[in-house]
file structure-v4.csv (CSV, C-alpha atoms)
chain,number,residue,atom,x,y,z
A,1,MET,CA,-19.7,12.9,-20.2
A,2,ASP,CA,-22.1,10.9,-18.0
A,3,LYS,CA,-20.1,10.2,-14.8
A,4,LYS,CA,-22.8,7.7,-13.8
A,5,ALA,CA,-21.1,5.3,-16.2
A,6,LEU,CA,-18.3,5.0,-13.7
A,7,TYR,CA,-20.8,3.6,-11.1
A,8,SER,CA,-20.8,0.4,-13.1
A,9,LEU,CA,-17.2,-0.4,-12.3
A,10,SER,CA,-17.1,-3.3,-9.8
A,11,TYR,CA,-15.3,-3.1,-6.5
A,12,GLY,CA,-14.8,-4.9,-3.2
A,13,VAL,CA,-14.8,-3.2,0.2
A,14,PHE,CA,-11.6,-3.3,2.3
A,15,MET,CA,-10.2,-2.3,5.6
A,16,LEU,CA,-6.8,-0.8,4.8
A,17,SER,CA,-4.5,-0.6,7.8
A,18,THR,CA,-0.9,0.3,8.4
A,19,LYS,CA,1.7,0.9,11.2
A,20,ALA,CA,4.1,3.8,11.1
A,21,GLY,CA,6.4,3.7,14.1
A,22,ASP,CA,4.1,3.2,17.1
A,23,ILE,CA,1.0,4.6,15.3
A,24,THR,CA,-1.5,2.1,13.8
A,25,ASN,CA,-4.6,3.2,11.8
A,26,GLY,CA,-7.0,1.9,9.3
A,27,CYS,CA,-9.7,3.1,6.9
A,28,ILE,CA,-12.3,1.7,4.5
A,29,THR,CA,-11.4,1.7,0.8
A,30,ASN,CA,-12.9,0.0,-2.3
A,31,THR,CA,-10.0,0.1,-4.7
A,32,CYS,CA,-7.6,-2.7,-5.0
A,33,MET,CA,-6.7,-4.9,-7.9
A,34,GLN,CA,-4.0,-7.4,-8.7
A,35,VAL,CA,-1.9,-5.8,-11.5
A,36,ALA,CA,0.9,-8.3,-12.0
A,37,ASN,CA,2.1,-11.8,-11.1
A,38,SER,CA,5.7,-13.1,-10.6
A,39,PRO,CA,6.1,-11.1,-8.4
A,40,THR,CA,2.5,-10.7,-7.3
A,41,ARG,CA,1.6,-7.0,-7.2
A,42,VAL,CA,-1.5,-5.1,-6.4
A,43,ALA,CA,-2.5,-1.5,-6.9
A,44,ILE,CA,-4.5,0.6,-4.4
A,45,SER,CA,-5.8,4.1,-4.6
A,46,VAL,CA,-6.2,6.1,-1.4
A,47,ILE,CA,-7.6,9.6,-0.8
A,48,ASN,CA,-4.7,11.9,0.0
A,49,ALA,CA,-6.7,13.6,2.8
A,50,ASN,CA,-7.0,10.3,4.7
A,51,TYR,CA,-4.7,9.9,7.7
A,52,THR,CA,-4.1,6.3,6.7
A,53,CYS,CA,-2.7,7.6,3.4
A,54,GLU,CA,-0.3,9.9,5.2
A,55,LEU,CA,0.8,7.0,7.4
A,56,ILE,CA,1.3,4.6,4.5
A,57,LYS,CA,3.6,7.1,2.8
A,58,LYS,CA,5.7,7.0,6.0
A,59,SER,CA,5.6,3.3,6.6
A,60,GLY,CA,5.7,1.9,3.0
A,61,ILE,CA,3.7,-1.1,4.1
A,62,PHE,CA,0.0,-1.9,4.6
A,63,ALA,CA,-2.4,-4.8,5.2
A,64,LEU,CA,-5.6,-5.1,3.2
A,65,SER,CA,-8.4,-7.0,4.9
A,66,MET,CA,-11.1,-8.0,2.4
A,67,LEU,CA,-14.4,-7.5,4.1
A,68,ASP,CA,-16.9,-10.3,3.6
A,69,GLN,CA,-20.7,-10.9,3.5
A,70,ALA,CA,-20.9,-11.2,7.3
A,71,CYS,CA,-19.6,-7.6,7.7
A,72,THR,CA,-21.9,-5.2,9.4
A,73,PHE,CA,-22.4,-1.4,9.0
A,74,GLU,CA,-20.9,-0.9,12.5
A,75,THR,CA,-17.5,-2.2,11.4
A,76,ILE,CA,-17.5,0.0,8.3
A,77,LYS,CA,-18.7,2.9,10.4
A,78,HIS,CA,-15.9,2.4,12.9
A,79,PHE,CA,-13.1,2.4,10.3
A,80,GLY,CA,-14.7,4.5,7.6
A,81,PHE,CA,-16.7,7.3,9.2
A,82,GLN,CA,-14.2,8.8,11.6
A,83,SER,CA,-10.6,9.9,11.2
A,84,GLY,CA,-7.6,8.5,12.9
A,85,ARG,CA,-6.5,12.0,13.5
A,86,ASP,CA,-9.4,12.4,16.0
A,87,VAL,CA,-9.8,8.9,17.4
A,88,ASN,CA,-7.5,5.9,18.0
A,89,LYS,CA,-9.6,3.4,16.0
A,90,MET,CA,-7.4,0.4,17.2
A,91,ALA,CA,-7.6,1.4,20.9
A,92,ASP,CA,-10.4,-0.9,22.1
A,93,LEU,CA,-10.0,-3.7,19.6
A,94,THR,CA,-8.0,-6.9,19.8
A,95,LEU,CA,-6.9,-7.5,16.3
A,96,PRO,CA,-4.5,-10.1,15.0
A,97,GLU,CA,-1.2,-8.7,13.5
A,98,ASP,CA,0.3,-9.6,10.1
A,99,ILE,CA,4.0,-10.3,9.4
A,100,ASN,CA,4.8,-6.6,9.7
A,101,GLY,CA,2.9,-6.1,13.0
A,102,ILE,CA,0.0,-4.4,11.3
A,103,PRO,CA,-3.4,-5.1,12.8
A,104,TYR,CA,-5.9,-6.6,10.4
A,105,MET,CA,-9.6,-7.8,10.6
A,106,GLY,CA,-9.9,-10.9,12.7
A,107,TRP,CA,-13.6,-11.1,11.8
A,108,HIS,CA,-15.9,-9.8,9.0
A,109,ALA,CA,-13.1,-10.5,6.5
A,110,CYS,CA,-12.4,-13.4,4.2
A,111,ALA,CA,-8.8,-12.7,3.3
A,112,VAL,CA,-5.9,-10.4,4.1
A,113,LEU,CA,-2.9,-9.3,2.1
A,114,SER,CA,0.4,-8.0,3.6
A,115,CYS,CA,2.0,-5.6,1.1
A,116,LYS,CA,5.2,-3.6,0.6
A,117,ILE,CA,5.0,-0.5,-1.6
A,118,VAL,CA,7.3,-0.5,-4.6
A,119,SER,CA,6.1,2.8,-6.2
A,120,SER,CA,3.6,5.5,-5.8
A,121,GLN,CA,2.1,8.2,-7.9
A,122,ASP,CA,0.3,11.3,-6.6
A,123,LEU,CA,-2.9,11.8,-8.7
A,124,GLY,CA,-4.1,15.0,-7.0
A,125,SER,CA,-7.2,13.8,-5.0
A,126,HIS,CA,-5.6,10.3,-4.5
A,127,THR,CA,-2.3,8.5,-4.4
A,128,LEU,CA,-1.9,5.3,-6.4
A,129,PHE,CA,0.3,2.8,-4.7
A,130,ILE,CA,1.8,-0.3,-6.4
A,131,ALA,CA,2.8,-2.9,-3.9
A,132,GLU,CA,4.3,-6.3,-3.8
A,133,VAL,CA,2.2,-8.9,-1.9
A,134,GLU,CA,4.6,-10.4,0.7
A,135,ASP,CA,2.0,-12.5,2.5
A,136,ALA,CA,-1.6,-13.6,1.9
A,137,LYS,CA,-4.0,-15.5,4.1
A,138,VAL,CA,-7.5,-16.9,3.6
A,139,LEU,CA,-9.5,-16.0,6.7
A,140,SER,CA,-13.0,-17.4,6.1
A,141,GLU,CA,-15.1,-19.1,3.4
A,142,ASN,CA,-17.5,-16.3,3.2
A,143,ALA,CA,-17.9,-14.5,-0.1
A,144,PRO,CA,-16.3,-11.1,-0.3
A,145,LEU,CA,-18.5,-8.1,0.2
A,146,THR,CA,-18.8,-6.1,-3.0
A,147,TYR,CA,-19.3,-2.3,-3.1
A,148,ALA,CA,-22.7,-3.0,-4.8
A,149,ASP,CA,-23.6,-5.2,-1.8
A,150,TYR,CA,-22.6,-2.4,0.6
A,151,GLN,CA,-24.7,0.1,-1.2
A,152,SER,CA,-27.8,-2.1,-1.5
A,153,ARG,CA,-27.7,-4.1,1.7
A,154,VAL,CA,-25.3,-3.1,4.3
A,155,LYS,CA,-25.6,0.7,4.3
A,156,PRO,CA,-28.6,2.0,6.2
A,157,LYS,CA,-31.2,3.6,4.1
A,158,THR,CA,-31.3,7.4,4.3
A,159,GLU,CA,-33.3,8.4,7.4
A,160,ALA,CA,-36.9,9.6,6.8
A,161,LYS,CA,-37.0,13.3,6.2
A,162,VAL,CA,-37.3,15.4,9.3
A,163,GLN,CA,-40.6,17.2,8.9
A,164,ASP,CA,-41.1,20.9,9.5
A,165,LYS,CA,-37.4,21.7,9.4
A,166,LYS,CA,-35.8,23.2,6.3
A,167,ILE,CA,-32.5,21.8,5.0
A,168,VAL,CA,-30.0,24.7,4.8
A,169,GLY,CA,-26.8,22.7,4.0
A,170,TRP,CA,-25.0,19.4,3.8
A,171,ARG,CA,-22.1,18.2,5.8
A,172,CYS,CA,-19.5,15.6,4.7
A,173,LYS,CA,-19.6,12.8,7.3
A,174,ILE,CA,-15.9,12.0,6.4
A,175,CYS,CA,-14.2,15.4,6.7
A,176,LYS,CA,-16.9,17.8,7.9
A,177,TYR,CA,-16.8,20.0,4.8
A,178,VAL,CA,-20.0,22.0,4.5
A,179,TYR,CA,-22.0,22.5,1.3
A,180,GLU,CA,-24.3,25.5,1.6
A,181,GLY,CA,-27.7,25.0,-0.1
A,182,SER,CA,-30.8,23.0,0.4
A,183,GLU,CA,-30.2,20.5,-2.5
A,184,LEU,CA,-26.9,18.6,-2.8
A,185,PRO,CA,-26.3,17.7,-6.5
A,186,LYS,CA,-26.4,13.8,-6.8
A,187,ASP,CA,-23.0,13.8,-8.5
A,188,PHE,CA,-21.5,16.1,-5.9
A,189,THR,CA,-18.0,15.1,-4.8
A,190,CYS,CA,-16.5,16.6,-1.6
A,191,PRO,CA,-13.7,19.0,-2.7
A,192,LEU,CA,-11.7,18.2,0.4
A,193,CYS,CA,-11.8,14.4,0.8
A,194,GLY,CA,-13.3,13.2,-2.5
A,195,HIS,CA,-16.2,11.3,-1.0
A,196,GLY,CA,-19.5,11.4,-2.9
A,197,ALA,CA,-23.0,12.8,-2.2
A,198,GLU,CA,-24.0,9.6,-0.3
A,199,ASP,CA,-21.5,10.5,2.5
A,200,PHE,CA,-23.2,13.9,3.2
A,201,GLU,CA,-25.8,14.4,5.9
A,202,PRO,CA,-28.3,17.3,5.9
A,203,ILE,CA,-27.9,20.3,8.2
A,204,TYR,CA,-31.3,21.6,9.3
A,205,GLU,CA,-32.3,25.2,10.2
A,206,ASP,CA,-32.2,26.0,13.9
B,1,MET,CA,1.7,-17.2,1.3
B,2,ASP,CA,-1.7,-18.5,0.2
B,3,LYS,CA,-2.4,-17.1,-3.3
B,4,LYS,CA,-6.0,-18.1,-3.0
B,5,ALA,CA,-6.5,-15.1,-0.8
B,6,LEU,CA,-6.2,-13.0,-4.0
B,7,TYR,CA,-9.3,-14.7,-5.5
B,8,SER,CA,-11.4,-12.7,-3.0
B,9,LEU,CA,-10.6,-9.4,-4.8
B,10,SER,CA,-13.7,-8.3,-6.7
B,11,TYR,CA,-13.6,-7.4,-10.3
B,12,GLY,CA,-15.8,-6.6,-13.3
B,13,VAL,CA,-15.4,-8.0,-16.8
B,14,PHE,CA,-14.6,-5.7,-19.6
B,15,MET,CA,-14.0,-5.6,-23.4
B,16,LEU,CA,-11.0,-3.4,-23.8
B,17,SER,CA,-10.5,-2.0,-27.3
B,18,THR,CA,-8.3,0.4,-29.1
B,19,LYS,CA,-7.4,1.8,-32.6
B,20,ALA,CA,-3.8,2.3,-33.7
B,21,GLY,CA,-3.7,3.8,-37.1
B,22,ASP,CA,-6.1,1.6,-39.2
B,23,ILE,CA,-5.8,-1.4,-36.8
B,24,THR,CA,-8.6,-2.0,-34.3
B,25,ASN,CA,-8.6,-4.8,-31.8
B,26,GLY,CA,-10.1,-5.7,-28.4
B,27,CYS,CA,-9.7,-8.2,-25.6
B,28,ILE,CA,-11.3,-9.2,-22.4
B,29,THR,CA,-9.9,-7.9,-19.1
B,30,ASN,CA,-11.1,-7.7,-15.5
B,31,THR,CA,-8.9,-5.0,-14.1
B,32,CYS,CA,-10.1,-1.4,-14.1
B,33,MET,CA,-10.7,0.9,-11.2
B,34,GLN,CA,-11.2,4.6,-10.7
B,35,VAL,CA,-8.1,6.0,-9.1
B,36,ALA,CA,-8.8,9.8,-8.9
B,37,ASN,CA,-11.3,12.5,-9.6
B,38,SER,CA,-10.9,16.1,-10.9
B,39,PRO,CA,-9.8,15.0,-13.4
B,40,THR,CA,-11.4,11.6,-13.4
B,41,ARG,CA,-8.8,8.9,-13.9
B,42,VAL,CA,-8.8,5.1,-14.1
B,43,ALA,CA,-6.1,2.5,-13.9
B,44,ILE,CA,-6.1,-0.7,-16.0
B,45,SER,CA,-3.6,-3.5,-16.0
B,46,VAL,CA,-3.1,-5.4,-19.3
B,47,ILE,CA,-1.1,-8.6,-20.0
B,48,ASN,CA,2.0,-7.5,-22.0
B,49,ALA,CA,1.7,-10.5,-24.3
B,50,ASN,CA,-1.7,-9.3,-25.5
B,51,TYR,CA,-1.9,-7.7,-28.9
B,52,THR,CA,-4.3,-5.1,-27.5
B,53,CYS,CA,-1.6,-4.1,-25.0
B,54,GLU,CA,0.9,-3.6,-27.8
B,55,LEU,CA,-1.6,-1.5,-29.8
B,56,ILE,CA,-2.6,0.6,-26.7
B,57,LYS,CA,1.1,1.5,-26.2
B,58,LYS,CA,1.1,2.8,-29.8
B,59,SER,CA,-2.2,4.6,-29.8
B,60,GLY,CA,-2.3,6.0,-26.2
B,61,ILE,CA,-6.1,5.6,-26.1
B,62,PHE,CA,-8.6,2.9,-25.3
B,63,ALA,CA,-12.3,2.3,-24.8
B,64,LEU,CA,-13.5,0.2,-21.9
B,65,SER,CA,-16.9,-1.5,-22.4
B,66,MET,CA,-18.3,-2.7,-19.1
B,67,LEU,CA,-20.0,-6.0,-19.9
B,68,ASP,CA,-23.3,-6.6,-18.2
B,69,GLN,CA,-25.5,-9.4,-16.9
B,70,ALA,CA,-26.9,-10.1,-20.4
B,71,CYS,CA,-23.5,-10.9,-21.7
B,72,THR,CA,-23.0,-14.5,-23.1
B,73,PHE,CA,-20.0,-16.7,-23.2
B,74,GLU,CA,-19.9,-16.4,-27.0
B,75,THR,CA,-19.1,-12.7,-26.7
B,76,ILE,CA,-16.4,-13.3,-24.1
B,77,LYS,CA,-15.0,-16.2,-26.2
B,78,HIS,CA,-14.9,-14.0,-29.3
B,79,PHE,CA,-12.8,-11.3,-27.7
B,80,GLY,CA,-11.0,-13.3,-25.0
B,81,PHE,CA,-10.1,-16.7,-26.4
B,82,GLN,CA,-8.4,-15.7,-29.7
B,83,SER,CA,-5.6,-13.3,-30.5
B,84,GLY,CA,-6.0,-10.2,-32.8
B,85,ARG,CA,-2.6,-11.3,-34.2
B,86,ASP,CA,-4.4,-14.3,-35.8
B,87,VAL,CA,-7.9,-13.0,-36.4
B,88,ASN,CA,-9.5,-9.6,-37.2
B,89,LYS,CA,-12.0,-9.7,-34.3
B,90,MET,CA,-13.8,-6.6,-35.5
B,91,ALA,CA,-14.2,-7.8,-39.1
B,92,ASP,CA,-17.7,-9.2,-39.1
B,93,LEU,CA,-19.1,-7.0,-36.3
B,94,THR,CA,-21.0,-3.7,-36.6
B,95,LEU,CA,-19.9,-1.8,-33.5
B,96,PRO,CA,-20.5,1.8,-32.6
B,97,GLU,CA,-17.5,4.0,-32.3
B,98,ASP,CA,-16.5,6.3,-29.4
B,99,ILE,CA,-15.2,9.9,-29.7
B,100,ASN,CA,-11.8,8.6,-30.8
B,101,GLY,CA,-13.2,6.2,-33.5
B,102,ILE,CA,-12.6,3.1,-31.3
B,103,PRO,CA,-15.3,0.4,-31.6
B,104,TYR,CA,-17.0,-0.5,-28.4
B,105,MET,CA,-19.7,-3.0,-27.4
B,106,GLY,CA,-23.1,-1.9,-28.7
B,107,TRP,CA,-24.8,-4.8,-26.8
B,108,HIS,CA,-24.0,-6.9,-23.7
B,109,ALA,CA,-22.5,-3.8,-22.0
B,110,CYS,CA,-24.0,-1.3,-19.5
B,111,ALA,CA,-21.4,1.5,-19.8
B,112,VAL,CA,-18.4,2.6,-21.8
B,113,LEU,CA,-15.4,4.8,-21.0
B,114,SER,CA,-13.2,6.6,-23.5
B,115,CYS,CA,-9.8,7.1,-22.1
B,116,LYS,CA,-6.5,8.7,-22.9
B,117,ILE,CA,-3.3,7.4,-21.2
B,118,VAL,CA,-1.4,9.8,-19.0
B,119,SER,CA,1.3,7.3,-17.7
B,120,SER,CA,2.2,3.7,-17.9
B,121,GLN,CA,4.4,1.4,-15.9
B,122,ASP,CA,5.8,-2.0,-17.1
B,123,LEU,CA,5.3,-4.5,-14.3
B,124,GLY,CA,6.9,-7.5,-16.1
B,125,SER,CA,3.9,-9.7,-16.8
B,126,HIS,CA,1.5,-6.7,-17.2
B,127,THR,CA,1.6,-3.0,-17.9
B,128,LEU,CA,-0.4,-0.7,-15.7
B,129,PHE,CA,-1.9,2.3,-17.5
B,130,ILE,CA,-3.3,5.4,-15.8
B,131,ALA,CA,-5.7,7.2,-18.1
B,132,GLU,CA,-7.9,10.2,-18.0
B,133,VAL,CA,-11.6,9.6,-18.8
B,134,GLU,CA,-12.4,11.8,-21.7
B,135,ASP,CA,-16.0,10.6,-22.2
B,136,ALA,CA,-18.3,8.2,-20.5
B,137,LYS,CA,-21.7,6.8,-21.5
B,138,VAL,CA,-24.4,4.7,-19.8
B,139,LEU,CA,-25.5,2.0,-22.3
B,140,SER,CA,-28.1,0.0,-20.5
B,141,GLU,CA,-29.8,-0.4,-17.1
B,142,ASN,CA,-28.5,-4.0,-16.7
B,143,ALA,CA,-26.2,-4.6,-13.7
B,144,PRO,CA,-22.6,-5.0,-14.6
B,145,LEU,CA,-21.2,-8.5,-14.9
B,146,THR,CA,-18.7,-9.3,-12.1
B,147,TYR,CA,-15.8,-11.7,-12.5
B,148,ALA,CA,-17.5,-13.9,-9.8
B,149,ASP,CA,-20.6,-14.0,-12.0
B,150,TYR,CA,-18.5,-15.0,-15.0
B,151,GLN,CA,-16.9,-17.8,-13.1
B,152,SER,CA,-20.1,-19.2,-11.5
B,153,ARG,CA,-22.7,-18.6,-14.3
B,154,VAL,CA,-21.4,-17.5,-17.7
B,155,LYS,CA,-18.3,-19.8,-18.2
B,156,PRO,CA,-19.2,-23.3,-19.3
B,157,LYS,CA,-18.6,-26.0,-16.7
B,158,THR,CA,-15.5,-28.1,-17.4
B,159,GLU,CA,-16.5,-31.0,-19.7
B,160,ALA,CA,-16.9,-34.4,-18.1
B,161,LYS,CA,-13.7,-36.3,-17.9
B,162,VAL,CA,-13.0,-38.3,-21.1
B,163,GLN,CA,-12.8,-41.8,-19.8
B,164,ASP,CA,-10.1,-44.4,-20.8
B,165,LYS,CA,-7.7,-41.7,-22.0
B,166,LYS,CA,-4.7,-40.5,-20.0
B,167,ILE,CA,-4.0,-36.8,-19.7
B,168,VAL,CA,-0.4,-36.2,-20.8
B,169,GLY,CA,-0.4,-32.4,-20.7
B,170,TRP,CA,-2.3,-29.1,-20.5
B,171,ARG,CA,-2.7,-26.4,-23.2
B,172,CYS,CA,-3.3,-22.8,-22.4
B,173,LYS,CA,-6.5,-21.8,-24.4
B,174,ILE,CA,-5.2,-18.3,-24.7
B,175,CYS,CA,-1.7,-18.5,-26.1
B,176,LYS,CA,-1.4,-22.3,-26.7
B,177,TYR,CA,1.5,-22.8,-24.3
B,178,VAL,CA,1.9,-26.5,-23.3
B,179,TYR,CA,2.5,-27.7,-19.8
B,180,GLU,CA,3.8,-31.3,-19.8
B,181,GLY,CA,2.4,-33.4,-17.0
B,182,SER,CA,-0.8,-35.1,-16.0
B,183,GLU,CA,-1.7,-32.8,-13.2
B,184,LEU,CA,-1.7,-29.0,-13.6
B,185,PRO,CA,-1.1,-27.3,-10.3
B,186,LYS,CA,-4.2,-25.3,-9.3
B,187,ASP,CA,-2.2,-22.1,-8.8
B,188,PHE,CA,-0.4,-22.5,-12.1
B,189,THR,CA,0.0,-19.4,-14.2
B,190,CYS,CA,0.9,-19.4,-17.8
B,191,PRO,CA,4.5,-18.2,-18.1
B,192,LEU,CA,3.7,-16.7,-21.6
B,193,CYS,CA,0.4,-14.9,-21.2
B,194,GLY,CA,-0.2,-14.9,-17.4
B,195,HIS,CA,-3.6,-16.7,-17.5
B,196,GLY,CA,-4.4,-19.1,-14.7
B,197,ALA,CA,-5.1,-22.8,-14.5
B,198,GLU,CA,-8.8,-22.3,-15.3
B,199,ASP,CA,-7.8,-21.3,-18.9
B,200,PHE,CA,-5.9,-24.6,-19.6
B,201,GLU,CA,-7.5,-27.6,-21.4
B,202,PRO,CA,-6.3,-31.2,-21.1
B,203,ILE,CA,-4.2,-32.9,-23.8
B,204,TYR,CA,-5.1,-36.6,-24.0
B,205,GLU,CA,-2.7,-39.4,-25.1
B,206,ASP,CA,-3.2,-40.5,-28.7

call {"tool": "encode", "arguments": {"input": "structure-v4.csv", "output": "structure tokens"}}
result
Amino acid sequence: MDKKALYSLSYGVFMLSTKAGDITNGCITNTCMQVANSPTRVAISVINANYTCELIKKSGIFALSMLDQACTFETIKHFGFQSGRDVNKMADLTLPEDINGIPYMGWHACAVLSCKIVSSQDLGSHTLFIAEVEDAKVLSENAPLTYADYQSRVKPKTEAKVQDKKIVGWRCKICKYVYEGSELPKDFTCPLCGHGAEDFEPIYED
Amino acid sequence: MDKKALYSLSYGVFMLSTKAGDITNGCITNTCMQVANSPTRVAISVINANYTCELIKKSGIFALSMLDQACTFETIKHFGFQSGRDVNKMADLTLPEDINGIPYMGWHACAVLSCKIVSSQDLGSHTLFIAEVEDAKVLSENAPLTYADYQSRVKPKTEAKVQDKKIVGWRCKICKYVYEGSELPKDFTCPLCGHGAEDFEPIYED
């Protein structure tokens, strides 16, 4: 089985947010598709280790902001490269709220969906949620950002190799898991949070 | 609720095929996403009225060919604009077969997944299948065709208006359902097969 075949599936890039009680949080995901009409339903898949996933299980609601071509890496880094367990990502932002009071992207997004979960299925690494779309808004005329765009254009290129220092391991930028060894296999997936090799950073010898 | 917001979700374009007993068939879909790893699982959503959907429910297996940038409208028309209930779509084609004996695209595709269903959920208009990926192959180095590419580049432009004839209705090109009226609402969805206004053609007065 050549897992690289899966890289040819096309995805968008989204800021997925929720509000559980007084707690709001959001993360970056790339999996959402419309799965039915009348009523309009979407499916999203979220990594179980994500704080947003835990909060969505409590709240039963979420907002999905579809990031657009104007989106910068800083926005993706803010929501995607730190955990809401460590940082209040919404603290210094003034975001509009959807019909459920969930903050969504007021910039860098072309559309937003407000959704209510109708069923969920734990798939081990991820939970698949099926949700009814209760509200939907067009936010800009920009084209949506695709995951392919993110990989080729938005994401910074890997930094030039630091000379004279040996790589002794790789750290997952998402959950801090450490892989010991100088070469991280290209198809490596973080056993804790499910992110791929592209989200690991090298650890150099002292 | 502005349903146009849903148009900003990003999708690929796929030829979804199956084999139930001696019967093989395939159709065009745009919904597939990876939903879990270890084991690798994908979700697809298929219109219940489609013959392929009926056959997948029987067989429990499918192949998903990811169409690529070389794909022509003729290929999409062959699999997407006629029903396997009326025509044997595989009859005059020599297609390779996957590990389950299911024919998949030997051209116009950059990758193929061979999948076994682990659960399904009837959502009214569509059924959502969750499936384990049993095999995966890279077929070409072409970039995958996105649904946005299909809409903007592959699909023929609507023919110039026929002058001097009044439009009296609209026919769904997929299932032949007829909408009576001169103007089809832009957000109209076929009540039989779930396809949108873009798949309807005008019916002119005699």

call {"tool": "interface_residues", "arguments": {"input": "structure-v4.csv", "of": "chain A", "to": "chain B", "cutoff": "6 Å", "atoms": "only C-alpha atoms", "output": "ChimeraX atom specification"}}
result
/A:1-2,5,8,10-12,35-36,45,111,125-126,135-138,144

call {"tool": "atom_distance", "arguments": {"input": "structure-v4.csv", "atom1": "CA of Cys53 (chain A)", "atom2": "CA of Ser65 (chain A)"}}
result
15.7 Å

call {"tool": "residues_around", "arguments": {"input": "structure-v4.csv", "residues": "Glu198 (chain A)", "least_positions_apart": "4", "cutoff": "12 Å", "atoms": "all atoms listed in the file", "output": "PyMOL selection string"}}
result
chain A and resi 151+155-158+170-174+184-190+194+202

call {"tool": "atom_distance", "arguments": {"input": "structure-v4.csv", "atom1": "CA of Asn88 (chain A)", "atom2": "CA of Ala49 (chain A)"}}
result
17.1 Å

call {"tool": "closest_residue", "arguments": {"input": "structure-v4.csv", "among": "B:Gly101, B:Glu180, B:Gly169, B:Cys175", "to": "Glu201 (chain B)", "atoms": "all atoms listed in the file"}}
result
B:Gly169

call {"tool": "decode", "arguments": {"input": "structure-v4.csv", "residues": "region 68-119 of chain A", "atoms": "C-alpha atoms", "output": "PDB file, in the first residue's frame"}}
result
ATOM      1  CA  ASP A  68      -9.408  32.045   1.932  1.00  0.00           C
ATOM      2  CA  GLN A  69      -6.540  32.974  -0.373  1.00  0.00           C
ATOM      3  CA  ALA A  70      -5.764  36.090   1.691  1.00  0.00           C
ATOM      4  CA  CYS A  71      -4.965  33.960   4.731  1.00  0.00           C
ATOM      5  CA  THR A  72      -1.427  34.227   6.092  1.00  0.00           C
ATOM      6  CA  PHE A  73       0.729  31.704   7.886  1.00  0.00           C
ATOM      7  CA  GLU A  74       0.452  33.796  11.073  1.00  0.00           C
ATOM      8  CA  THR A  75      -3.283  33.084  11.295  1.00  0.00           C
ATOM      9  CA  ILE A  76      -2.767  29.376  10.716  1.00  0.00           C
ATOM     10  CA  LYS A  77       0.080  29.340  13.237  1.00  0.00           C
ATOM     11  CA  HIS A  78      -2.044  31.094  15.862  1.00  0.00           C
ATOM     12  CA  PHE A  79      -4.855  28.557  15.700  1.00  0.00           C
ATOM     13  CA  GLY A  80      -2.979  25.508  14.469  1.00  0.00           C
ATOM     14  CA  PHE A  81       0.421  25.420  16.143  1.00  0.00           C
ATOM     15  CA  GLN A  82      -0.469  25.829  19.801  1.00  0.00           C
ATOM     16  CA  SER A  83      -2.998  24.157  22.053  1.00  0.00           C
ATOM     17  CA  GLY A  84      -5.946  25.826  23.744  1.00  0.00           C
ATOM     18  CA  ARG A  85      -4.963  23.842  26.814  1.00  0.00           C
ATOM     19  CA  ASP A  86      -1.871  26.085  27.138  1.00  0.00           C
ATOM     20  CA  VAL A  87      -3.037  29.373  25.652  1.00  0.00           C
ATOM     21  CA  ASN A  88      -6.344  31.237  25.363  1.00  0.00           C
ATOM     22  CA  LYS A  89      -6.250  31.686  21.587  1.00  0.00           C
ATOM     23  CA  MET A  90      -9.285  33.985  21.586  1.00  0.00           C
ATOM     24  CA  ALA A  91      -7.957  36.300  24.345  1.00  0.00           C
ATOM     25  CA  ASP A  92      -6.519  39.158  22.301  1.00  0.00           C
ATOM     26  CA  LEU A  93      -8.733  38.816  19.246  1.00  0.00           C
ATOM     27  CA  THR A  94     -11.956  40.619  18.456  1.00  0.00           C
ATOM     28  CA  LEU A  95     -13.902  38.059  16.476  1.00  0.00           C
ATOM     29  CA  PRO A  96     -17.518  38.172  15.341  1.00  0.00           C
ATOM     30  CA  GLU A  97     -19.845  35.581  16.886  1.00  0.00           C
ATOM     31  CA  ASP A  98     -22.225  33.244  15.080  1.00  0.00           C
ATOM     32  CA  ILE A  99     -25.850  32.468  16.034  1.00  0.00           C
ATOM     33  CA  ASN A 100     -24.594  30.234  18.848  1.00  0.00           C
ATOM     34  CA  GLY A 101     -22.148  32.802  20.240  1.00  0.00           C
ATOM     35  CA  ILE A 102     -19.134  30.980  18.779  1.00  0.00           C
ATOM     36  CA  PRO A 103     -16.306  33.245  17.559  1.00  0.00           C
ATOM     37  CA  TYR A 104     -15.435  32.833  13.874  1.00  0.00           C
ATOM     38  CA  MET A 105     -12.933  34.389  11.479  1.00  0.00           C
ATOM     39  CA  GLY A 106     -13.812  37.975  10.648  1.00  0.00           C
ATOM     40  CA  TRP A 107     -10.896  38.145   8.188  1.00  0.00           C
ATOM     41  CA  HIS A 108      -8.949  35.659   6.046  1.00  0.00           C
ATOM     42  CA  ALA A 109     -12.144  33.631   5.532  1.00  0.00           C
ATOM     43  CA  CYS A 110     -14.612  33.495   2.643  1.00  0.00           C
ATOM     44  CA  ALA A 111     -17.498  31.695   4.379  1.00  0.00           C
ATOM     45  CA  VAL A 112     -18.650  30.343   7.718  1.00  0.00           C
ATOM     46  CA  LEU A 113     -21.004  27.527   8.681  1.00  0.00           C
ATOM     47  CA  SER A 114     -22.782  27.241  12.046  1.00  0.00           C
ATOM     48  CA  CYS A 115     -23.410  23.598  12.807  1.00  0.00           C
ATOM     49  CA  LYS A 116     -25.140  21.381  15.349  1.00  0.00           C
ATOM     50  CA  ILE A 117     -23.922  17.819  15.774  1.00  0.00           C
ATOM     51  CA  VAL A 118     -26.408  15.055  15.037  1.00  0.00           C
ATOM     52  CA  SER A 119     -24.097  12.059  15.466  1.00  0.00           C
TER      53      SER A 119
END
